[in-house]
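Step one of this worksheet: look at the structure below.
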Amino acid sequence: MAYLELKSIVKSFGSTKVVQQFDLAVDQGEFVSFLGPSGCGKTTVLRMIAGFEQPSAGSITVEGQEISHLPPAKRNIGMVFQAYALFPNLTVGQNVGFGLKLAGVPKAERDARVAEMLEIIKLPQLADRYPYQLSGGQQQRVALARALAVRPKILLLDEPLSALDAKIRVSLREEIRALQRQLGITTIFVTHDQEEALSISDRIVVMHEGKAAQIGAPFEIYNSPKTKFVASFVGTLNILEATVMDWGQMRLSIDGRDVTTSHGFTAKAGEKVSVALRPEAATLGWTNDGRNHMAGTVEEVAFLGSVVRVRVRFEHQTISLDTFNDPANPPPLRGATVAVAFKPEDLIILEGGTTEANHEPGTAVDAPVAVTELA
Amino acid sequence: MAYLELKSIVKSFGSTKVVQQFDLAVDQGEFVSFLGPSGCGKTTVLRMIAGFEQPSAGSITVEGQEISHLPPAKRNIGMVFQAYALFPNLTVGQNVGFGLKLAGVPKAERDARVAEMLEIIKLPQLADRYPYQLSGGQQQRVALARALAVRPKILLLDEPLSALDAKIRVSLREEIRALQRQLGITTIFVTHDQEEALSISDRIVVMHEGKAAQIGAPFEIYNSPKTKFVASFVGTLNILEATVMDWGQMRLSIDGRDVTTSHGFTAKAGEKVSVALRPEAATLGWTNDGRNHMAGTVEEVAFLGSVVRVRVRFEHQTISLDTFNDPANPPPLRGATVAVAFKPEDLIILEGGTTEANHEPGTAVDAPVAVTELA
Amino acid sequence: MKTSSVGAWVAVCIGVFYLLMPLMGTVEFSLRMLRGTYSFEAYKILGTGEFQQSFLFSMIIALLTIIVSVLIVVPTVYFVQLRLPKLRPIVEFITLLPLVIPAIVLVFGYLRLYNSSSWLPLTGTAEATNVLLLFAYVALALPYMYRAIDSGMRTVDVRTLTEAAESLGAGLGTILFTVILPNVRSAVLSGAFLTFAIVIGEFTIASLLDRPVFGTYLQNVGAGKPYNASALSVVAFAITWASMGLMQVFGRDRRPKVAH
Amino acid sequence: MKTSSVGAWVAVCIGVFYLLMPLMGTVEFSLRMLRGTYSFEAYKILGTGEFQQSFLFSMIIALLTIIVSVLIVVPTVYFVQLRLPKLRPIVEFITLLPLVIPAIVLVFGYLRLYNSSSWLPLTGTAEATNVLLLFAYVALALPYMYRAIDSGMRTVDVRTLTEAAESLGAGLGTILFTVILPNVRSAVLSGAFLTFAIVIGEFTIASLLDRPVFGTYLQNVGAGKPYNASALSVVAFAITWASMGLMQVFGRDRRPKVAH
């Protein structure tokens, strides 16, 4: 039996169902992320586990015991908030020791535990500081220590990195993951940032309109998205419109350039289909290994650090592809003519034919604007 | 002569010098980013260009005319703020037309211009909405339209993307760049996010403690950092400690594994030196092309989307390397034994010998914690 | 959660009861002028010219007080928040002075400053004394007006809005009247309401200056005719409340607060 | 920028002048009891037992008023912000009632509710009447206390702090007294100061209930001895100010605001 189990959870506020028939089983020591745009219900599920909201229907069990009717104070579930939520009137040490003091832990033992926790988060020298004297990253580490000091059964993280600077965000997420492994604590992490979820989790629950759109390991979610929503929300996907040339040989034409796919499809010659290609599946330059090649013009070059993202335009459509930075080979210049190469098996056919209304065909769907903006 | 020129700018608040001898020449139509941790002075320089702060010394000229004594209202410089700063009591259309109205543009012409601007930012249907009815991304696009409606000489962007969600951040930065190219407007962009700066800019000014640590194109900044600060702030860098084996043949030993470099150095055999390696320069697996190989154990695998970051441990030190996601080849599992390969020319010698005190040798310096946290 | 919610409701109910009881007592009392039956007999005093004149006078003074204090307070709060945030505690303290200085002291001071032999004689004529009364009421209203507008302006990002307007070419007047004032409208209205209520109820200063305001009139009536005085209180209260209702309707901030 | 800064200073100076003038006038007047020379003659009244007793009585009542109103207001504001944010405008309106209901009405109401023949006779003995006075003062202090604590609590993320404390095992009492109250301390102090000032200066209610407070005493002195009354005003003002200074020193919020 799973350590934490959510069964048929429903949550309605008035007539709006925020969470609909949500099921999830989390193993002990597992790190599970809830990923989705704002308004998808991910925070509501987290708050129901913490006890700040009551499910309208369904059950939440920890180690087989129903907890959904316990007040938050009796659940022994640690929580870290986006806004840090350190007690401003208490020092770092007092903050970390707050839960222990309430639990009646004697002072000597408490002090030892606080020192140990501050050691773990690498801030042993800051015990006597007040929260306002700390940077955001330090405050969030103290909040983590405070939540963990009482040895909770489950740790809940509600977008703990959203308020931090880009660099700190990356380093703190690695620290959180290492700490979680070290302590073996079952953890639920809520985020809207796909990179965060992909990099940190054992499993990801992609949420959409109050439902789990897909549950799986990062590799699975990224490479085998089950729904169009998951495909467009996780990672960057080129969606192109192609005309079927020869159904039997699986030949297609994209902006007049012939390509083949190794995936079967049902559309007949002359029909239009939508095809998808991950930017990392395409490379620049001609090869001799049976890849598809499409000649085009470089429209945009974005240096992302270790990765350089190049957008190539054919006739009407464009494709984004990722290459690694190489000091010896500067990225192509805008306006240069290049060949885009990709393997037939990387060209995915999106059955159902036409692209979604809100995605202009032939553009990399970096942000599903229609979804996140209106959520 | 440059379009915008800052000469020997100094700014002191009381006894603290926030900006020290800052020089910069920006060409017409150029997109320049100021990149640095908080407190590095990047926003102060921007605010001096806008006129919200007065330089303590130095001159600011636009098209050869000194502007540093003009009030902000007379400079004709557009500004976009992190907090959007739309006027809450005005509709989107009124916000965009605000500057035009003040400039005395007749109503008909104003309406046409507002419609044109809303068309450019792809929100023509929202003219009668109020800011609170818009998402963050939409508000920031309206703020951009408002700043551009009066056809300013220069556009200043003060961390315009920091308050937005990850997905919107990426798509809006691409929109901003496309719009800037389309209008050909000289633009200064302030950010603390290296990926943002690298991806969007013609040139980057990396700022550190009130000075320009380096000014150059993204490719140059990333691949040829001039100072240790730039190297560690821009991108991810593995810093390792190596022992010199043979000075003539440029052979080194890292955790007992022999490697060669093609860069010369002065340290003698038996001495310790610090070496650096970009994560994208290393690959997994044995090759036959004269690369260095180091056997190690996979310690951590972080799926970042199109890129998978793998951390490999040798004896005492670790290295992070980036590989592209490939659906056919799942990333290695934690605990697996792998070979790390990299070219001799990618192994950079950091002269001066020892690593900085705050970087544990053998760890990827993802965040220069000591710098950004205390800044 | 449930129990806390109940607790909150109980607290609110006790509060309502605690504060509404005296009001209800007054209403009930005002209806009992005729022995043994409820009637509106006591309200007949509303027909007298004395009541109408004093009430009209108070209304006019109240409106003038509101206008003058808004014109003083809005720019002051704006400048303090924008340019001199360190001065805020001092300014806040100063605006609280009228609460701390008993009204009687205030009037003594004004009388000494502006008596008929001073450099600015304001007690010579009725008009001049009215101006003096207005000055005193503006001082009285200051703490309320200042606090309302200050807290309203804190919810607006004054600095960034100002800078945004400046970069679009706006001068000080444009910023104050088209950017700042419209965005603190509900705060101004809340301050105006309090000012209105205070001026309508005030009588110490007015009686010292011998001005025919509603407060003095009510006090005089109260001395001999308790039922009529209660009726007048009820009416004054109702009118004040009605003005506030009208302000809420016309001045409502139509923007909902951003949801969490 | 420069010109705006000058404007701000000018505005502040005018404000100071406008409000401090009466105070300075009073001080000057109180020193002129002996014709043709400045002296502290008028201040000799401070030695009388009547003054000392009335002032002590007022101080005690003021402190009790502060304690009672803090205990009522802090939990109410907390619950309203946390659980019933939609009720906030209503609660705010209720707390403003004492400003809108003239004091005289308030007392009429209380007298009718608690007279010696009612179910809770509070006017029978001096002690019981003191309790009634305290109730009335709590009601009077409510608008100030509520506004101060409400705006103080808005600067604290009440909801998240509560949830953080709950998830660490804290009950309601712990949350209120160790998490919420310490973080609104400066707001409580500011409300307490206003309450103190109001109670020290109040005389309408006290004289109707015939309690020997400082306000009534001052009023009586003022009728016949203007110089002594001025002296008393100055002293009352100085003591109130000193209390506030002490509160600031001991209760200062040592956390600076986070810089922009």
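Residues in the structure tokens are numbered from 1 in each chain, the chains being A, B, ... in the order shown, and ligands are numbered from 1 in the order shown.
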
Fit target chain A, mobile chain B, all Cα in order, as a short mmCIF file (atom, residue, chain, number, x, y, z; two decimals) with C-alpha atoms, in the first residue's frame:
```cif
data_model
loop_
_atom_site.label_atom_id
_atom_site.label_comp_id
_atom_site.auth_asym_id
_atom_site.auth_seq_id
_atom_site.Cartn_x
_atom_site.Cartn_y
_atom_site.Cartn_z
CA MET B 1 0.00 0.00 -0.05
CA ALA B 2 1.20 3.47 -0.88
CA TYR B 3 2.48 5.74 1.87
CA LEU B 4 0.27 8.67 0.89
CA GLU B 5 -2.89 7.95 -0.99
CA LEU B 6 -5.43 10.36 -2.47
CA LYS B 7 -8.61 8.71 -3.66
CA SER B 8 -11.29 10.36 -5.83
CA ILE B 9 -10.59 13.80 -4.42
CA VAL B 10 -13.10 16.45 -5.46
CA LYS B 11 -12.98 20.08 -4.38
CA SER B 12 -15.63 22.62 -5.28
CA PHE B 13 -15.75 26.28 -4.37
CA GLY B 14 -19.38 27.18 -4.83
CA SER B 15 -20.31 25.81 -8.22
CA THR B 16 -16.79 25.65 -9.66
CA LYS B 17 -15.04 22.31 -9.42
CA VAL B 18 -11.40 23.12 -8.85
CA VAL B 19 -10.31 19.52 -8.45
CA GLN B 20 -12.12 16.66 -10.15
CA GLN B 21 -11.69 12.98 -9.29
CA PHE B 22 -8.04 13.24 -8.43
CA ASP B 23 -6.24 9.96 -7.61
CA LEU B 24 -2.64 9.57 -6.60
CA ALA B 25 -0.53 7.08 -4.70
CA VAL B 26 2.87 8.21 -3.44
CA ASP B 27 5.47 5.79 -2.10
CA GLN B 28 7.53 6.45 1.00
CA GLY B 29 10.57 8.57 0.16
CA GLU B 30 9.27 9.52 -3.27
CA PHE B 31 9.57 13.02 -4.70
CA VAL B 32 6.44 13.88 -6.66
CA SER B 33 5.82 17.20 -8.44
CA PHE B 34 2.50 18.75 -9.36
CA LEU B 35 3.07 20.69 -12.56
CA GLY B 36 0.55 22.90 -14.31
CA PRO B 37 -0.47 26.45 -15.19
CA SER B 38 -2.02 28.66 -12.53
CA GLY B 39 -5.60 27.70 -11.77
CA CYS B 40 -5.09 24.03 -12.62
CA GLY B 41 -5.81 22.97 -9.04
CA LYS B 42 -2.30 21.86 -8.07
CA THR B 43 -2.08 24.15 -5.04
CA THR B 44 -5.57 23.19 -3.92
CA VAL B 45 -4.62 19.51 -3.83
CA LEU B 46 -1.51 20.37 -1.83
CA ARG B 47 -3.55 22.43 0.62
CA MET B 48 -5.98 19.57 1.09
CA ILE B 49 -3.08 17.28 2.01
CA ALA B 50 -1.85 19.92 4.48
CA GLY B 51 -5.34 20.33 5.90
CA PHE B 52 -5.88 23.99 5.00
CA GLU B 53 -8.75 22.98 2.74
CA GLN B 54 -11.29 20.21 3.16
CA PRO B 55 -11.95 17.95 0.17
CA SER B 56 -15.59 18.08 -0.93
CA ALA B 57 -15.37 14.32 -1.52
CA GLY B 58 -12.74 11.61 -1.46
CA SER B 59 -10.19 10.37 1.04
CA ILE B 60 -6.61 11.16 1.97
CA THR B 61 -4.68 8.49 3.83
CA VAL B 62 -1.15 8.45 5.22
CA GLU B 63 0.20 5.02 6.15
CA GLY B 64 -3.34 3.75 5.69
CA GLN B 65 -4.86 6.20 8.18
CA GLU B 66 -7.51 8.62 7.01
CA ILE B 67 -6.34 12.17 7.79
CA SER B 68 -8.80 14.35 5.92
CA HIS B 69 -10.75 15.25 9.04
CA LEU B 70 -7.72 16.13 11.17
CA PRO B 71 -6.83 19.81 11.64
CA PRO B 72 -3.49 20.83 10.09
CA ALA B 73 -1.84 20.98 13.51
CA LYS B 74 -2.48 17.27 14.10
CA ARG B 75 -1.29 15.94 10.75
CA ASN B 76 2.47 16.19 11.25
CA ILE B 77 2.95 17.33 7.67
CA GLY B 78 5.64 19.94 7.01
CA MET B 79 4.99 22.78 4.63
CA VAL B 80 7.20 25.34 2.88
CA PHE B 81 5.53 28.37 1.31
CA GLN B 82 6.40 30.54 -1.65
CA ALA B 83 6.50 33.58 0.64
CA TYR B 84 8.89 31.85 3.10
CA ALA B 85 6.49 32.63 6.00
CA LEU B 86 9.21 32.81 8.63
CA PHE B 87 8.00 34.37 11.87
CA PRO B 88 9.46 37.88 11.67
CA ASN B 89 9.67 38.33 15.44
CA LEU B 90 11.72 35.18 16.01
CA THR B 91 15.36 34.50 15.23
CA VAL B 92 16.39 31.84 12.78
CA GLY B 93 17.06 29.43 15.64
CA GLN B 94 13.70 30.17 17.28
CA ASN B 95 11.95 29.71 13.95
CA VAL B 96 13.54 26.33 13.40
CA GLY B 97 12.80 25.31 17.00
CA PHE B 98 9.18 26.56 16.94
CA GLY B 99 7.58 23.22 16.16
CA LEU B 100 9.83 21.38 18.61
CA LYS B 101 8.92 23.78 21.40
CA LEU B 102 5.22 23.25 20.72
CA ALA B 103 5.78 19.51 20.75
CA GLY B 104 7.25 19.89 24.25
CA VAL B 105 10.78 18.81 23.34
CA PRO B 106 13.14 19.73 26.23
CA LYS B 107 15.39 22.73 25.64
CA ALA B 108 18.69 20.85 25.43
CA GLU B 109 17.38 18.37 22.91
CA ARG B 110 15.70 21.17 20.99
CA ASP B 111 18.90 23.20 20.76
CA ALA B 112 20.78 20.18 19.49
CA ARG B 113 18.15 19.50 16.87
CA VAL B 114 18.10 23.16 15.75
CA ALA B 115 21.90 23.15 15.44
CA GLU B 116 21.71 19.95 13.45
CA MET B 117 19.09 21.37 11.09
CA LEU B 118 21.07 24.58 10.55
CA GLU B 119 24.10 22.44 9.81
CA ILE B 120 22.13 20.51 7.20
CA ILE B 121 21.01 23.69 5.44
CA LYS B 122 24.56 25.05 5.71
CA LEU B 123 23.65 28.14 7.73
CA PRO B 124 24.94 27.22 11.22
CA GLN B 125 26.31 30.71 11.79
CA LEU B 126 22.95 32.45 11.32
CA ALA B 127 21.02 31.08 14.31
CA ASP B 128 20.75 34.47 16.02
CA ARG B 129 19.82 36.51 12.96
CA TYR B 130 16.30 37.69 12.25
CA PRO B 131 14.60 36.74 8.99
CA TYR B 132 14.80 40.30 7.60
CA GLN B 133 18.60 40.07 7.81
CA LEU B 134 18.66 37.10 5.43
CA SER B 135 18.53 36.91 1.65
CA GLY B 136 15.54 35.24 0.02
CA GLY B 137 17.45 32.04 -0.63
CA GLN B 138 18.62 31.86 2.97
CA GLN B 139 15.10 32.52 4.27
CA GLN B 140 13.73 29.72 2.19
CA ARG B 141 16.41 27.33 3.46
CA VAL B 142 15.49 28.28 7.02
CA ALA B 143 11.82 27.65 6.19
CA LEU B 144 12.84 24.22 4.95
CA ALA B 145 14.78 23.52 8.15
CA ARG B 146 11.81 24.68 10.23
CA ALA B 147 9.45 22.33 8.39
CA LEU B 148 11.86 19.40 8.68
CA ALA B 149 12.87 19.95 12.32
CA VAL B 150 9.76 18.22 13.65
CA ARG B 151 10.45 15.17 11.45
CA PRO B 152 7.16 15.35 9.56
CA LYS B 153 5.75 12.35 7.75
CA ILE B 154 5.42 14.29 4.51
CA LEU B 155 7.00 17.49 3.22
CA LEU B 156 4.91 19.81 1.06
CA LEU B 157 6.59 22.50 -1.03
CA ASP B 158 4.30 25.16 -2.49
CA GLU B 159 6.27 26.85 -5.29
CA PRO B 160 9.15 27.41 -2.87
CA LEU B 161 11.48 28.76 -5.55
CA SER B 162 9.21 31.18 -7.41
CA ALA B 163 10.21 34.25 -5.44
CA LEU B 164 13.93 33.71 -5.93
CA ASP B 165 16.45 34.86 -8.51
CA ALA B 166 17.27 32.55 -11.41
CA LYS B 167 20.67 31.43 -10.14
CA ILE B 168 19.52 30.80 -6.57
CA ARG B 169 16.49 28.96 -7.91
CA VAL B 170 18.68 26.39 -9.63
CA SER B 171 21.10 25.89 -6.75
CA LEU B 172 18.37 25.70 -4.11
CA ARG B 173 16.39 23.14 -6.07
CA GLU B 174 19.47 20.95 -6.18
CA GLU B 175 19.93 21.41 -2.45
CA ILE B 176 16.31 20.52 -1.78
CA ARG B 177 16.60 17.38 -3.84
CA ALA B 178 19.84 16.33 -2.12
CA LEU B 179 18.34 17.00 1.31
CA GLN B 180 15.19 15.07 0.44
CA ARG B 181 17.30 12.08 -0.67
CA GLN B 182 19.45 12.30 2.45
CA LEU B 183 16.46 12.33 4.82
CA GLY B 184 14.37 10.00 2.69
CA ILE B 185 11.27 12.13 3.25
CA THR B 186 8.19 11.74 1.10
CA THR B 187 7.79 15.05 -0.70
CA ILE B 188 5.19 16.82 -2.83
CA PHE B 189 6.41 19.80 -4.82
CA VAL B 190 4.10 22.24 -6.59
CA THR B 191 5.40 24.30 -9.50
CA HIS B 192 4.40 25.91 -12.77
CA ASP B 193 7.95 25.65 -14.11
CA GLN B 194 8.43 22.57 -16.27
CA GLU B 195 12.22 22.62 -16.01
CA GLU B 196 11.95 22.66 -12.23
CA ALA B 197 9.54 19.72 -12.22
CA LEU B 198 11.52 17.72 -14.77
CA SER B 199 14.84 18.20 -13.04
CA ILE B 200 13.83 17.47 -9.45
CA SER B 201 11.16 14.78 -9.47
CA ASP B 202 10.88 11.04 -9.27
CA ARG B 203 7.44 11.40 -10.78
CA ILE B 204 5.46 14.32 -12.17
CA VAL B 205 1.71 14.84 -12.08
CA VAL B 206 0.85 17.19 -14.94
CA MET B 207 -2.39 18.89 -13.96
CA HIS B 208 -4.90 20.53 -16.26
CA GLU B 209 -8.28 21.91 -15.28
CA GLY B 210 -8.42 20.09 -11.96
CA LYS B 211 -7.46 16.70 -13.35
CA ALA B 212 -4.23 14.76 -13.61
CA ALA B 213 -3.51 14.91 -17.34
CA GLN B 214 -0.59 12.52 -16.96
CA ILE B 215 1.41 10.94 -14.16
CA GLY B 216 4.87 9.58 -14.88
CA ALA B 217 8.64 9.91 -14.61
CA PRO B 218 10.16 13.05 -16.17
CA PHE B 219 11.62 11.10 -19.09
CA GLU B 220 8.24 9.55 -19.79
CA ILE B 221 6.30 12.82 -19.47
CA TYR B 222 8.71 14.62 -21.74
CA ASN B 223 9.12 11.98 -24.40
CA SER B 224 5.70 10.33 -24.40
CA PRO B 225 3.15 13.00 -23.58
CA LYS B 226 -0.32 11.50 -23.51
CA THR B 227 -2.33 14.60 -24.39
CA LYS B 228 -1.78 17.66 -26.53
CA PHE B 229 -1.84 19.75 -23.38
CA VAL B 230 1.03 17.81 -21.83
CA ALA B 231 2.97 17.92 -25.09
CA SER B 232 2.70 21.67 -25.35
CA PHE B 233 3.09 22.50 -21.64
CA VAL B 234 6.13 20.31 -21.04
CA GLY B 235 9.11 21.25 -23.15
CA THR B 236 9.24 23.05 -26.45
CA LEU B 237 7.62 21.43 -29.43
CA ASN B 238 7.71 22.40 -33.08
CA ILE B 239 4.31 21.83 -34.65
CA LEU B 240 4.32 21.87 -38.44
CA GLU B 241 1.73 21.32 -41.10
CA ALA B 242 2.59 18.67 -43.63
CA THR B 243 0.94 17.29 -46.76
CA VAL B 244 0.83 13.53 -47.18
CA MET B 245 2.72 12.49 -50.32
CA ASP B 246 2.70 8.73 -50.17
CA TRP B 247 0.82 6.92 -47.46
CA GLY B 248 2.57 3.55 -47.86
CA GLN B 249 6.10 4.90 -47.70
CA MET B 250 5.13 7.38 -45.04
CA ARG B 251 6.39 10.28 -47.11
CA LEU B 252 5.27 13.81 -46.28
CA SER B 253 5.95 17.27 -47.65
CA ILE B 254 6.61 20.25 -45.40
CA ASP B 255 6.74 23.56 -47.25
CA GLY B 256 7.69 21.65 -50.41
CA ARG B 257 10.47 19.65 -48.77
CA ASP B 258 10.11 15.87 -48.79
CA VAL B 259 10.53 14.08 -45.48
CA THR B 260 9.76 10.59 -44.18
CA THR B 261 8.55 9.39 -40.83
CA SER B 262 8.77 5.97 -39.25
CA HIS B 263 5.41 6.42 -37.51
CA GLY B 264 2.30 5.11 -39.24
CA PHE B 265 -0.74 7.30 -39.82
CA THR B 266 -4.16 7.04 -41.42
CA ALA B 267 -4.36 10.20 -43.55
CA LYS B 268 -4.43 9.68 -47.34
CA ALA B 269 -2.19 11.25 -49.98
CA GLY B 270 -2.94 14.94 -50.48
CA GLU B 271 -4.38 15.38 -46.99
CA LYS B 272 -2.88 17.70 -44.41
CA VAL B 273 -1.54 16.39 -41.12
CA SER B 274 0.13 18.04 -38.14
CA VAL B 275 3.55 16.80 -37.25
CA ALA B 276 5.70 17.55 -34.23
CA LEU B 277 9.44 17.66 -33.69
CA ARG B 278 11.38 18.31 -30.48
CA PRO B 279 14.04 21.00 -30.96
CA GLU B 280 16.80 18.73 -29.65
CA ALA B 281 15.95 16.08 -32.25
CA ALA B 282 17.07 18.30 -35.12
CA THR B 283 20.65 19.17 -36.02
CA LEU B 284 22.25 21.58 -38.47
CA GLY B 285 24.17 20.37 -41.52
CA TRP B 286 24.08 17.47 -43.98
CA THR B 287 24.60 13.93 -42.75
CA ASN B 288 24.82 10.53 -44.43
CA ASP B 289 22.83 8.39 -42.03
CA GLY B 290 19.39 8.36 -43.61
CA ARG B 291 18.10 11.48 -41.85
CA ASN B 292 15.59 13.87 -43.32
CA HIS B 293 17.07 17.14 -44.53
CA MET B 294 15.30 20.44 -45.07
CA ALA B 295 17.05 23.53 -46.42
CA GLY B 296 16.06 26.85 -44.86
CA THR B 297 17.19 30.28 -43.72
CA VAL B 298 18.28 31.14 -40.18
CA GLU B 299 15.71 33.56 -38.80
CA GLU B 300 16.73 33.87 -35.16
CA VAL B 301 19.61 32.71 -33.00
CA ALA B 302 19.13 32.69 -29.24
CA PHE B 303 22.09 31.90 -27.07
CA LEU B 304 20.72 30.21 -23.93
CA GLY B 305 24.05 29.35 -22.33
CA SER B 306 25.18 25.81 -22.93
CA VAL B 307 22.46 25.52 -25.56
CA VAL B 308 21.99 27.69 -28.64
CA ARG B 309 18.47 27.75 -30.03
CA VAL B 310 18.27 28.41 -33.77
CA ARG B 311 15.04 29.17 -35.61
CA VAL B 312 15.07 28.20 -39.28
CA ARG B 313 12.45 29.36 -41.75
CA PHE B 314 11.39 27.27 -44.77
CA GLU B 315 8.64 28.81 -46.89
CA HIS B 316 5.82 29.59 -44.50
CA GLN B 317 6.83 27.58 -41.49
CA THR B 318 9.70 27.68 -39.08
CA ILE B 319 11.41 25.17 -36.85
CA SER B 320 13.40 25.73 -33.67
CA LEU B 321 16.34 23.49 -32.98
CA ASP B 322 18.81 23.23 -30.12
CA THR B 323 22.56 22.79 -30.53
CA PHE B 324 25.26 22.86 -27.89
CA ASN B 325 27.45 25.89 -27.67
CA ASP B 326 30.92 25.19 -29.03
CA PRO B 327 33.61 27.85 -28.62
CA ALA B 328 35.28 26.66 -31.83
CA ASN B 329 32.07 26.90 -33.90
CA PRO B 330 30.08 30.07 -33.44
CA PRO B 331 26.35 29.66 -34.11
CA PRO B 332 25.16 30.45 -37.66
CA LEU B 333 24.34 34.06 -38.45
CA ARG B 334 20.83 35.29 -39.08
CA GLY B 335 20.09 35.05 -42.80
CA ALA B 336 22.46 32.14 -43.45
CA THR B 337 21.20 29.16 -45.48
CA VAL B 338 21.38 25.93 -43.54
CA ALA B 339 20.17 22.34 -43.67
CA VAL B 340 18.08 20.96 -40.85
CA ALA B 341 18.52 17.22 -40.29
CA PHE B 342 16.42 14.88 -38.17
CA LYS B 343 15.74 11.15 -37.94
CA PRO B 344 12.51 9.76 -39.42
CA GLU B 345 11.53 8.32 -36.03
CA ASP B 346 11.67 11.76 -34.39
CA LEU B 347 8.98 13.17 -36.65
CA ILE B 348 5.80 12.56 -34.65
CA ILE B 349 2.42 12.54 -36.35
CA LEU B 350 -0.26 14.30 -34.31
CA GLU B 351 -3.31 12.31 -35.34
CA GLY B 352 -6.52 14.23 -35.64
CA GLY B 353 -5.08 16.26 -38.45
CA THR B 354 -5.32 19.99 -37.92
CA THR B 355 -3.31 21.90 -35.41
CA GLU B 356 -5.02 23.60 -32.52
CA ALA B 357 -6.59 26.90 -33.39
CA ASN B 358 -4.40 28.90 -31.07
CA HIS B 359 -1.12 27.55 -32.38
CA GLU B 360 -0.03 29.14 -35.59
CA PRO B 361 1.30 26.20 -37.57
CA GLY B 362 5.00 26.32 -38.16
CA THR B 363 5.92 27.99 -34.90
CA ALA B 364 7.60 26.51 -31.91
CA VAL B 365 5.03 26.24 -29.17
CA ASP B 366 7.09 27.61 -26.38
CA ALA B 367 4.26 28.84 -24.30
CA PRO B 368 0.72 27.61 -24.67
CA VAL B 369 -0.38 31.22 -24.40
CA ALA B 370 -4.04 30.52 -24.74
CA VAL B 371 -3.90 28.11 -21.83
CA THR B 372 -1.72 29.83 -19.31
CA GLU B 373 -2.81 33.36 -20.04
CA LEU B 374 -6.48 32.66 -19.55
CA ALA B 375 -6.06 30.30 -16.65
#
```

Between atom CA of Phe237 of chain C and atom CA of Ala192 of chain D, what is the spacing in Å?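 Between these atoms lies a distance of 27.3 Å.
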
Please find the residues of chain D near chain A - the criterion being any atom within 9 Å, counting only C-alpha atoms - and write them as a PyMOL selection string. chain D and resi 157+160-171+174+178-179+182-183+255-258

Once you have the residues from the selection above, write them out as a PDB file, in the first residue's frame, restricted to C-alpha atoms.
```pdb
ATOM      1  CA  ASP D 157       0.967  37.950   5.771  1.00  0.00           C
ATOM      2  CA  THR D 160       0.552  32.291   5.501  1.00  0.00           C
ATOM      3  CA  LEU D 161       1.979  32.832   8.976  1.00  0.00           C
ATOM      4  CA  THR D 162      -1.100  31.173  10.459  1.00  0.00           C
ATOM      5  CA  GLU D 163      -0.805  28.228   8.114  1.00  0.00           C
ATOM      6  CA  ALA D 164       2.911  27.900   8.780  1.00  0.00           C
ATOM      7  CA  ALA D 165       2.247  27.861  12.525  1.00  0.00           C
ATOM      8  CA  GLU D 166      -0.639  25.397  12.146  1.00  0.00           C
ATOM      9  CA  SER D 167       1.483  23.007  10.111  1.00  0.00           C
ATOM     10  CA  LEU D 168       4.042  23.108  12.935  1.00  0.00           C
ATOM     11  CA  GLY D 169       1.368  22.087  15.422  1.00  0.00           C
ATOM     12  CA  ALA D 170       0.297  25.440  16.858  1.00  0.00           C
ATOM     13  CA  GLY D 171      -3.187  25.990  18.262  1.00  0.00           C
ATOM     14  CA  THR D 174      -0.258  30.113  20.340  1.00  0.00           C
ATOM     15  CA  THR D 178       3.232  34.230  19.798  1.00  0.00           C
ATOM     16  CA  VAL D 179       2.822  34.761  16.071  1.00  0.00           C
ATOM     17  CA  PRO D 182       4.266  40.349  18.404  1.00  0.00           C
ATOM     18  CA  ASN D 183       4.207  41.226  14.722  1.00  0.00           C
ATOM     19  CA  ARG D 255      13.049  45.421  12.016  1.00  0.00           C
ATOM     20  CA  PRO D 256      13.727  47.968   9.319  1.00  0.00           C
ATOM     21  CA  LYS D 257      11.435  47.878   6.335  1.00  0.00           C
ATOM     22  CA  VAL D 258      12.906  45.878   3.487  1.00  0.00           C
TER      23      VAL D 258
END
```

Just list the residues in segment 76-236 of chain B DSSP gives alpha helix (DSSP H) on the backbone, as number ranges by chain. B: 92-102, 107-120, 136-149, 166-183, 194-200, 218-223, 228-233
